[in-house]
Amino acid sequence: MEVNKVSKKKTSTKRRRCEPKSTQPEEVFGQEIAETDCKAVEEDVLLKTMILALGSLDNIVAAGTTMKTDDPDELCHGYPLGDQNVRVSIEIAKQEYAKVPFPVGDDIKIVRQAMGSWIAWSDHLVIYTPVSPSEQPQKKREKREVHVEIIDRKADALNAPIQLKMLCMWGEDELKNDKSLEFFIEPEVFGYTRKSWIFDSDLHRMASMTEITRNCIVAYQRYLYDVLKNTKMLDMIAFVDPAMVGEGCGIVRSKAKHLCARFITSKPGQLFMVPYNSDQHWVLTVVEPEKEKVYYMDPLRRRLPIALAEWKSVINSAIAKYNTEKGRPSLNAVAWKNLGWDRRNKLVYTQDDLDVLRNEWAKFIISKYL
């Protein structure tokens, strides 16, 4: 296991800094930036946003955010990132049909297709736009809102189960100023090694009983992996990384391709647990690729809604690709079944039940990564 460390979400590191070459600003994406002549300087820079260029720095095609990594072997869409590239998330497209520097098969070839997904980008074509706190003075109203939020967070932590309360207390000091708890997920869990993070906002959501984040789900999957290992049930159940198949993680084809690659590793009769977030709501899809069966579980007791037609297409395509890879014929249709949470009974999770799960999650984080 790698040594865990606390890192910044918006990383301060040695980077290229953009120095203004003229005093005449140019309007790009609704914000003013100066024409730039980038040179390397050794200075800590708070990476808030970045602007992406192609070919040369004056050919700006998009804007978004990035998360720094010092590991050139970290995977992005199944390929090592490399030491000359960074992982970027495109939020605004200026040239929608510009070709991205590292296409992802036929799924992501242009900027428009990359929006909502993480892709690799050449570091020398990334213009970082640091913003210091002194450049953005807060209004009194904003300060008051922050103060109220801090009070609410402390109240949530006090009402949380004991292990989660301890974790929140630790996070008050160790995770402030956008710091994060960084840890590695072993390849046995999702089929490949990946980094994951826990931020202060993740702890707040767990404590306040609001919608939990993908980071929370991934950490709980890692905990369940240990539970299955200790009970010798890993041959029966496996997990899929929700970061590779959720909303905003690419188009149907790329998600299906990733699922197929995961299904190929399956053992006879093995079930795959696939969490999926749709419209700020988590559902669970359990897939048995060998028998072409899918079980859908929604805690709101809803049947598979029309809104999830795309998700159903992802699963069906993945199973079809799986059959092709295995060289076997497909059945007439993939069998989908709504499972659990019968509408006719009154069985629901109580607050005590949820507190047990929250306590398990926090206890695992404390014992494994702190």
# chains A, B, ... in the order shown; residues from 1 in each chain; ligands from 1

call {"tool": "select_by_dssp", "arguments": {"residues": "range 216-348 of chain A", "states": "strand (DSSP E)", "output": "ChimeraX atom specification"}}
result
/A:237-239,271-277,282-288,293-297,335-338

call {"tool": "write_last_selection", "arguments": {"atoms": "N, CA and C atoms", "output": "compact mmCIF listing (two decimals), in the first residue's frame"}}
result
# COMPACT_ATOMS: atom_id res chain seq x y z
N ILE A 237 -18.79 -11.75 -6.15
CA ILE A 237 -19.17 -10.35 -6.36
C ILE A 237 -17.94 -9.52 -6.73
N ALA A 238 -18.10 -8.60 -7.68
CA ALA A 238 -17.03 -7.68 -8.08
C ALA A 238 -17.63 -6.29 -8.25
N PHE A 239 -16.75 -5.29 -8.36
CA PHE A 239 -17.20 -3.90 -8.40
C PHE A 239 -16.78 -3.21 -9.70
N LEU A 271 -21.25 -11.68 -10.03
CA LEU A 271 -22.12 -10.51 -10.18
C LEU A 271 -21.29 -9.24 -10.06
N PHE A 272 -21.64 -8.22 -10.86
CA PHE A 272 -20.94 -6.94 -10.82
C PHE A 272 -21.88 -5.87 -10.25
N MET A 273 -21.40 -5.20 -9.19
CA MET A 273 -22.15 -4.12 -8.59
C MET A 273 -21.76 -2.81 -9.27
N VAL A 274 -22.75 -2.15 -9.90
CA VAL A 274 -22.46 -0.94 -10.69
C VAL A 274 -23.32 0.21 -10.16
N PRO A 275 -22.77 1.06 -9.28
CA PRO A 275 -23.53 2.24 -8.84
C PRO A 275 -23.64 3.25 -9.98
N TYR A 276 -24.79 3.91 -10.06
CA TYR A 276 -25.01 4.89 -11.12
C TYR A 276 -25.81 6.06 -10.57
N ASN A 277 -25.33 7.26 -10.89
CA ASN A 277 -26.02 8.46 -10.42
C ASN A 277 -26.77 9.09 -11.57
N TRP A 282 -28.72 8.22 -6.58
CA TRP A 282 -27.96 6.99 -6.79
C TRP A 282 -28.87 5.78 -6.89
N VAL A 283 -28.61 4.95 -7.89
CA VAL A 283 -29.28 3.66 -8.03
C VAL A 283 -28.20 2.59 -8.18
N LEU A 284 -28.58 1.35 -7.98
CA LEU A 284 -27.63 0.24 -8.10
C LEU A 284 -28.08 -0.71 -9.21
N THR A 285 -27.15 -1.02 -10.09
CA THR A 285 -27.40 -2.00 -11.14
C THR A 285 -26.49 -3.20 -10.88
N VAL A 286 -27.08 -4.38 -10.77
CA VAL A 286 -26.32 -5.61 -10.56
C VAL A 286 -26.35 -6.41 -11.86
N VAL A 287 -25.17 -6.69 -12.40
CA VAL A 287 -25.08 -7.32 -13.71
C VAL A 287 -24.45 -8.71 -13.60
N GLU A 288 -25.10 -9.69 -14.22
CA GLU A 288 -24.54 -11.03 -14.34
C GLU A 288 -24.31 -11.28 -15.84
N LYS A 293 -28.18 -11.21 -17.45
CA LYS A 293 -29.24 -10.76 -16.56
C LYS A 293 -28.80 -9.48 -15.84
N VAL A 294 -29.76 -8.58 -15.66
CA VAL A 294 -29.48 -7.31 -14.99
C VAL A 294 -30.58 -7.06 -13.95
N TYR A 295 -30.15 -6.71 -12.74
CA TYR A 295 -31.09 -6.42 -11.64
C TYR A 295 -30.97 -4.94 -11.29
N TYR A 296 -32.11 -4.26 -11.31
CA TYR A 296 -32.14 -2.82 -11.07
C TYR A 296 -32.72 -2.53 -9.70
N MET A 297 -32.01 -1.72 -8.90
CA MET A 297 -32.44 -1.42 -7.54
C MET A 297 -32.45 0.09 -7.33
N ALA A 335 -32.13 -9.73 -20.04
CA ALA A 335 -33.25 -9.79 -19.11
C ALA A 335 -33.04 -8.78 -17.98
N TRP A 336 -33.91 -7.77 -17.89
CA TRP A 336 -33.87 -6.76 -16.83
C TRP A 336 -34.97 -7.06 -15.80
N LYS A 337 -34.61 -6.90 -14.53
CA LYS A 337 -35.58 -7.17 -13.47
C LYS A 337 -35.43 -6.13 -12.37
N ASN A 338 -36.57 -5.56 -11.94
CA ASN A 338 -36.57 -4.67 -10.78
C ASN A 338 -36.46 -5.53 -9.53

call {"tool": "atom_distance", "arguments": {"atom1": "CA of His204 in chain A", "atom2": "CA of Ser367 in chain A"}}
result
19.3 Å

call {"tool": "residues_around", "arguments": {"residues": "Ala320 in chain A", "least_positions_apart": "2", "cutoff": "10 Å", "atoms": "only C-alpha atoms", "output": "VMD selection string"}}
result
chain A and resid 256 260 289 292 314 to 318 322 to 326 328 to 331 333 to 334

call {"tool": "write_last_selection", "arguments": {"atoms": "N, CA, C and O atoms", "output": "CSV table (one decimal), in the first residue's frame"}}
result
chain,number,residue,atom,x,y,z
A,256,ALA,N,-19.8,1.6,-22.4
A,256,ALA,CA,-20.0,0.2,-22.7
A,256,ALA,C,-18.7,-0.6,-22.9
A,256,ALA,O,-18.5,-1.7,-22.5
A,260,CYS,N,-17.5,-3.7,-20.6
A,260,CYS,CA,-17.1,-4.9,-21.3
A,260,CYS,C,-15.7,-5.4,-20.8
A,260,CYS,O,-15.6,-6.6,-20.5
A,289,PRO,N,-23.1,-10.9,-16.4
A,289,PRO,CA,-22.9,-10.9,-17.8
A,289,PRO,C,-23.0,-12.3,-18.4
A,289,PRO,O,-23.5,-12.4,-19.6
A,292,GLU,N,-26.5,-12.9,-18.9
A,292,GLU,CA,-27.2,-11.8,-19.6
A,292,GLU,C,-28.4,-11.3,-18.8
A,292,GLU,O,-29.5,-11.1,-19.3
A,314,VAL,N,-26.4,1.4,-22.3
A,314,VAL,CA,-25.0,1.1,-22.0
A,314,VAL,C,-24.8,-0.3,-21.5
A,314,VAL,O,-23.9,-1.0,-22.0
A,315,ILE,N,-25.6,-0.7,-20.6
A,315,ILE,CA,-25.5,-2.1,-20.1
A,315,ILE,C,-25.7,-3.1,-21.2
A,315,ILE,O,-24.9,-4.1,-21.3
A,316,ASN,N,-26.8,-3.0,-22.0
A,316,ASN,CA,-27.0,-3.9,-23.0
A,316,ASN,C,-25.9,-4.0,-24.1
A,316,ASN,O,-25.5,-5.1,-24.5
A,317,SER,N,-25.3,-2.8,-24.4
A,317,SER,CA,-24.2,-2.8,-25.4
A,317,SER,C,-23.0,-3.5,-24.8
A,317,SER,O,-22.3,-4.2,-25.5
A,318,ALA,N,-22.8,-3.3,-23.5
A,318,ALA,CA,-21.6,-3.9,-22.8
A,318,ALA,C,-21.7,-5.4,-22.8
A,318,ALA,O,-20.7,-6.1,-23.1
A,322,TYR,N,-19.4,-8.1,-24.7
A,322,TYR,CA,-18.8,-9.2,-23.9
A,322,TYR,C,-19.0,-10.5,-24.6
A,322,TYR,O,-18.1,-11.4,-24.7
A,323,ASN,N,-20.2,-10.8,-25.1
A,323,ASN,CA,-20.5,-12.0,-25.9
A,323,ASN,C,-19.6,-12.1,-27.1
A,323,ASN,O,-19.1,-13.2,-27.4
A,324,THR,N,-19.4,-11.0,-27.8
A,324,THR,CA,-18.5,-11.0,-29.0
A,324,THR,C,-17.1,-11.4,-28.6
A,324,THR,O,-16.5,-12.2,-29.3
A,325,GLU,N,-16.6,-10.8,-27.5
A,325,GLU,CA,-15.2,-11.1,-27.1
A,325,GLU,C,-15.1,-12.5,-26.6
A,325,GLU,O,-14.0,-13.1,-26.9
A,326,LYS,N,-16.2,-13.1,-26.1
A,326,LYS,CA,-16.1,-14.5,-25.6
A,326,LYS,C,-16.4,-15.4,-26.8
A,326,LYS,O,-16.2,-16.7,-26.6
A,328,ARG,N,-19.3,-16.1,-28.3
A,328,ARG,CA,-20.5,-16.9,-28.1
A,328,ARG,C,-21.7,-16.1,-28.6
A,328,ARG,O,-21.7,-14.8,-28.5
A,329,PRO,N,-22.8,-16.7,-29.0
A,329,PRO,CA,-24.0,-16.0,-29.4
A,329,PRO,C,-24.7,-15.3,-28.3
A,329,PRO,O,-24.7,-15.8,-27.1
A,330,SER,N,-25.4,-14.2,-28.6
A,330,SER,CA,-26.2,-13.5,-27.6
A,330,SER,C,-27.6,-14.1,-27.5
A,330,SER,O,-28.1,-14.8,-28.5
A,331,LEU,N,-28.3,-14.0,-26.4
A,331,LEU,CA,-29.7,-14.4,-26.3
A,331,LEU,C,-30.5,-13.4,-27.0
A,331,LEU,O,-30.0,-12.3,-27.5
A,333,ALA,N,-32.6,-11.2,-25.9
A,333,ALA,CA,-32.6,-9.8,-25.3
A,333,ALA,C,-32.1,-10.0,-23.9
A,333,ALA,O,-32.2,-11.0,-23.2
A,334,VAL,N,-31.4,-9.0,-23.4
A,334,VAL,CA,-30.9,-9.0,-22.0
A,334,VAL,C,-32.1,-8.9,-21.1
A,334,VAL,O,-33.0,-8.1,-21.3

call {"tool": "residues_around", "arguments": {"residues": "Ala120 in chain A", "least_positions_apart": "6", "cutoff": "12 Å", "atoms": "only C-alpha atoms", "output": "PDB file with C-alpha atoms, in the first residue's frame"}}
result
ATOM      1  CA  LEU A  52      -6.695  25.016 -23.320  1.00  0.00           C
ATOM      2  CA  THR A  66      -7.545  20.270 -13.912  1.00  0.00           C
ATOM      3  CA  MET A  67      -6.299  18.065 -11.103  1.00  0.00           C
ATOM      4  CA  LYS A  68      -2.522  17.744 -10.848  1.00  0.00           C
ATOM      5  CA  THR A  69      -0.910  14.328 -10.517  1.00  0.00           C
ATOM      6  CA  PRO A  72       2.919   9.547 -15.060  1.00  0.00           C
ATOM      7  CA  GLU A  74      -1.917   7.149 -13.785  1.00  0.00           C
ATOM      8  CA  LEU A  75      -4.515   6.006 -16.299  1.00  0.00           C
ATOM      9  CA  CYS A  76      -6.807   8.238 -18.316  1.00  0.00           C
ATOM     10  CA  HIS A  77      -9.331   6.253 -20.387  1.00  0.00           C
ATOM     11  CA  GLY A  78      -7.124   3.183 -19.952  1.00  0.00           C
ATOM     12  CA  TYR A  79      -3.815   4.753 -21.049  1.00  0.00           C
ATOM     13  CA  PRO A  80      -0.947   6.125 -18.896  1.00  0.00           C
ATOM     14  CA  LEU A  81      -1.130   9.908 -18.622  1.00  0.00           C
ATOM     15  CA  GLY A  82       2.616  10.455 -19.161  1.00  0.00           C
ATOM     16  CA  ASP A  83       4.859  13.062 -17.577  1.00  0.00           C
ATOM     17  CA  GLN A  84       4.239  15.728 -20.258  1.00  0.00           C
ATOM     18  CA  ASN A  85       0.436  15.685 -20.003  1.00  0.00           C
ATOM     19  CA  VAL A  86      -2.258  16.622 -17.507  1.00  0.00           C
ATOM     20  CA  ARG A  87      -5.806  15.412 -16.888  1.00  0.00           C
ATOM     21  CA  VAL A  88      -8.350  18.097 -17.752  1.00  0.00           C
ATOM     22  CA  SER A  89     -12.109  18.481 -17.567  1.00  0.00           C
ATOM     23  CA  ILE A  90     -13.576  20.734 -20.268  1.00  0.00           C
ATOM     24  CA  VAL A 100      -8.429  17.002 -29.068  1.00  0.00           C
ATOM     25  CA  PRO A 101      -4.703  16.143 -28.778  1.00  0.00           C
ATOM     26  CA  PHE A 102      -5.359  12.598 -27.499  1.00  0.00           C
ATOM     27  CA  PRO A 103      -8.514  11.060 -29.055  1.00  0.00           C
ATOM     28  CA  VAL A 104     -10.308   8.260 -27.212  1.00  0.00           C
ATOM     29  CA  ILE A 108     -13.917  11.472 -28.148  1.00  0.00           C
ATOM     30  CA  LYS A 109     -12.276  13.104 -31.127  1.00  0.00           C
ATOM     31  CA  VAL A 111     -13.743  19.231 -27.991  1.00  0.00           C
ATOM     32  CA  ALA A 114     -14.960  15.675 -24.509  1.00  0.00           C
ATOM     33  CA  VAL A 126      -2.426  24.579 -20.882  1.00  0.00           C
TER      34      VAL A 126
END

call {"tool": "closest_residue", "arguments": {"among": "A:Trp121, A:Trp170, A:Tyr128, A:Trp361", "to": "Asn215 in chain A", "atoms": "only C-alpha atoms"}}
result
A:Trp361

call {"tool": "closest_residue", "arguments": {"among": "A:Val356, A:Met115, A:Leu57, A:Tyr369", "to": "Trp197 in chain A", "atoms": "only C-alpha atoms"}}
result
A:Tyr369

call {"tool": "atom_distance", "arguments": {"atom1": "CA of Leu164 in chain A", "atom2": "CA of Met209 in chain A"}}
result
11.8 Å

call {"tool": "select_by_dssp", "arguments": {"residues": "range 49-129 of chain A", "states": "alpha helix (DSSP H)", "output": "short mmCIF file (atom, residue, chain, number, x, y, z; two decimals) with all heavy atoms, in the first residue's frame"}}
result
data_model
loop_
_atom_site.label_atom_id
_atom_site.label_comp_id
_atom_site.auth_asym_id
_atom_site.auth_seq_id
_atom_site.Cartn_x
_atom_site.Cartn_y
_atom_site.Cartn_z
N VAL A 111 -13.51 18.58 -29.28
CA VAL A 111 -13.74 19.23 -27.99
C VAL A 111 -15.17 19.02 -27.51
O VAL A 111 -15.42 18.74 -26.33
CB VAL A 111 -13.42 20.73 -28.10
CG1 VAL A 111 -13.90 21.48 -26.86
CG2 VAL A 111 -11.92 20.95 -28.29
N ARG A 112 -16.12 19.12 -28.40
CA ARG A 112 -17.53 18.98 -28.02
C ARG A 112 -17.79 17.61 -27.39
O ARG A 112 -18.54 17.50 -26.41
CB ARG A 112 -18.41 19.17 -29.25
CG ARG A 112 -19.90 19.09 -28.96
CD ARG A 112 -20.70 19.36 -30.23
NE ARG A 112 -22.13 19.32 -29.98
CZ ARG A 112 -23.06 19.54 -30.90
NH1 ARG A 112 -22.69 19.82 -32.14
NH2 ARG A 112 -24.34 19.48 -30.59
N GLN A 113 -17.21 16.56 -27.92
CA GLN A 113 -17.42 15.21 -27.40
C GLN A 113 -16.74 15.02 -26.04
O GLN A 113 -17.13 14.15 -25.27
CB GLN A 113 -16.87 14.19 -28.39
CG GLN A 113 -17.63 14.12 -29.70
CD GLN A 113 -16.96 13.21 -30.71
OE1 GLN A 113 -15.74 13.12 -30.76
NE2 GLN A 113 -17.76 12.54 -31.54
N ALA A 114 -15.72 15.83 -25.75
CA ALA A 114 -14.96 15.67 -24.51
C ALA A 114 -15.60 16.37 -23.32
O ALA A 114 -15.21 16.12 -22.18
CB ALA A 114 -13.54 16.22 -24.70
#

call {"tool": "residues_around", "arguments": {"residues": "Arg214 in chain A", "least_positions_apart": "2", "cutoff": "8 Å", "atoms": "only C-alpha atoms", "output": "list in words"}}
result
Ile212, Cys216, Ile217, Val218, Pro242 and Ala243 of chain A

call {"tool": "write_last_selection", "arguments": {"atoms": "C-alpha atoms", "output": "compact mmCIF listing (two decimals), in the first residue's frame"}}
result
# COMPACT_ATOMS: atom_id res chain seq x y z
CA ILE A 212 -23.30 11.70 -1.17
CA CYS A 216 -17.95 8.53 -0.86
CA ILE A 217 -19.28 5.68 -2.99
CA VAL A 218 -15.79 4.64 -4.12
CA PRO A 242 -18.66 4.65 -10.97
CA ALA A 243 -16.25 7.31 -12.24

call {"tool": "residues_around", "arguments": {"residues": "Ile110 in chain A", "least_positions_apart": "5", "cutoff": "6 Å", "atoms": "only C-alpha atoms", "output": "list of chain:residue names"}}
result
A:Tyr97, A:Ala98, A:Lys99, A:Val100

call {"tool": "residues_around", "arguments": {"residues": "Gln95 in chain A", "least_positions_apart": "4", "cutoff": "8 Å", "atoms": "only C-alpha atoms", "output": "list in words"}}
result
Ile60, Val61, Ala62 and Val111 of chain A

call {"tool": "closest_residue", "arguments": {"among": "A:Ala207, A:Leu224, A:Ile251, A:Leu308", "to": "Leu158 in chain A", "atoms": "only C-alpha atoms"}}
result
A:Ala207
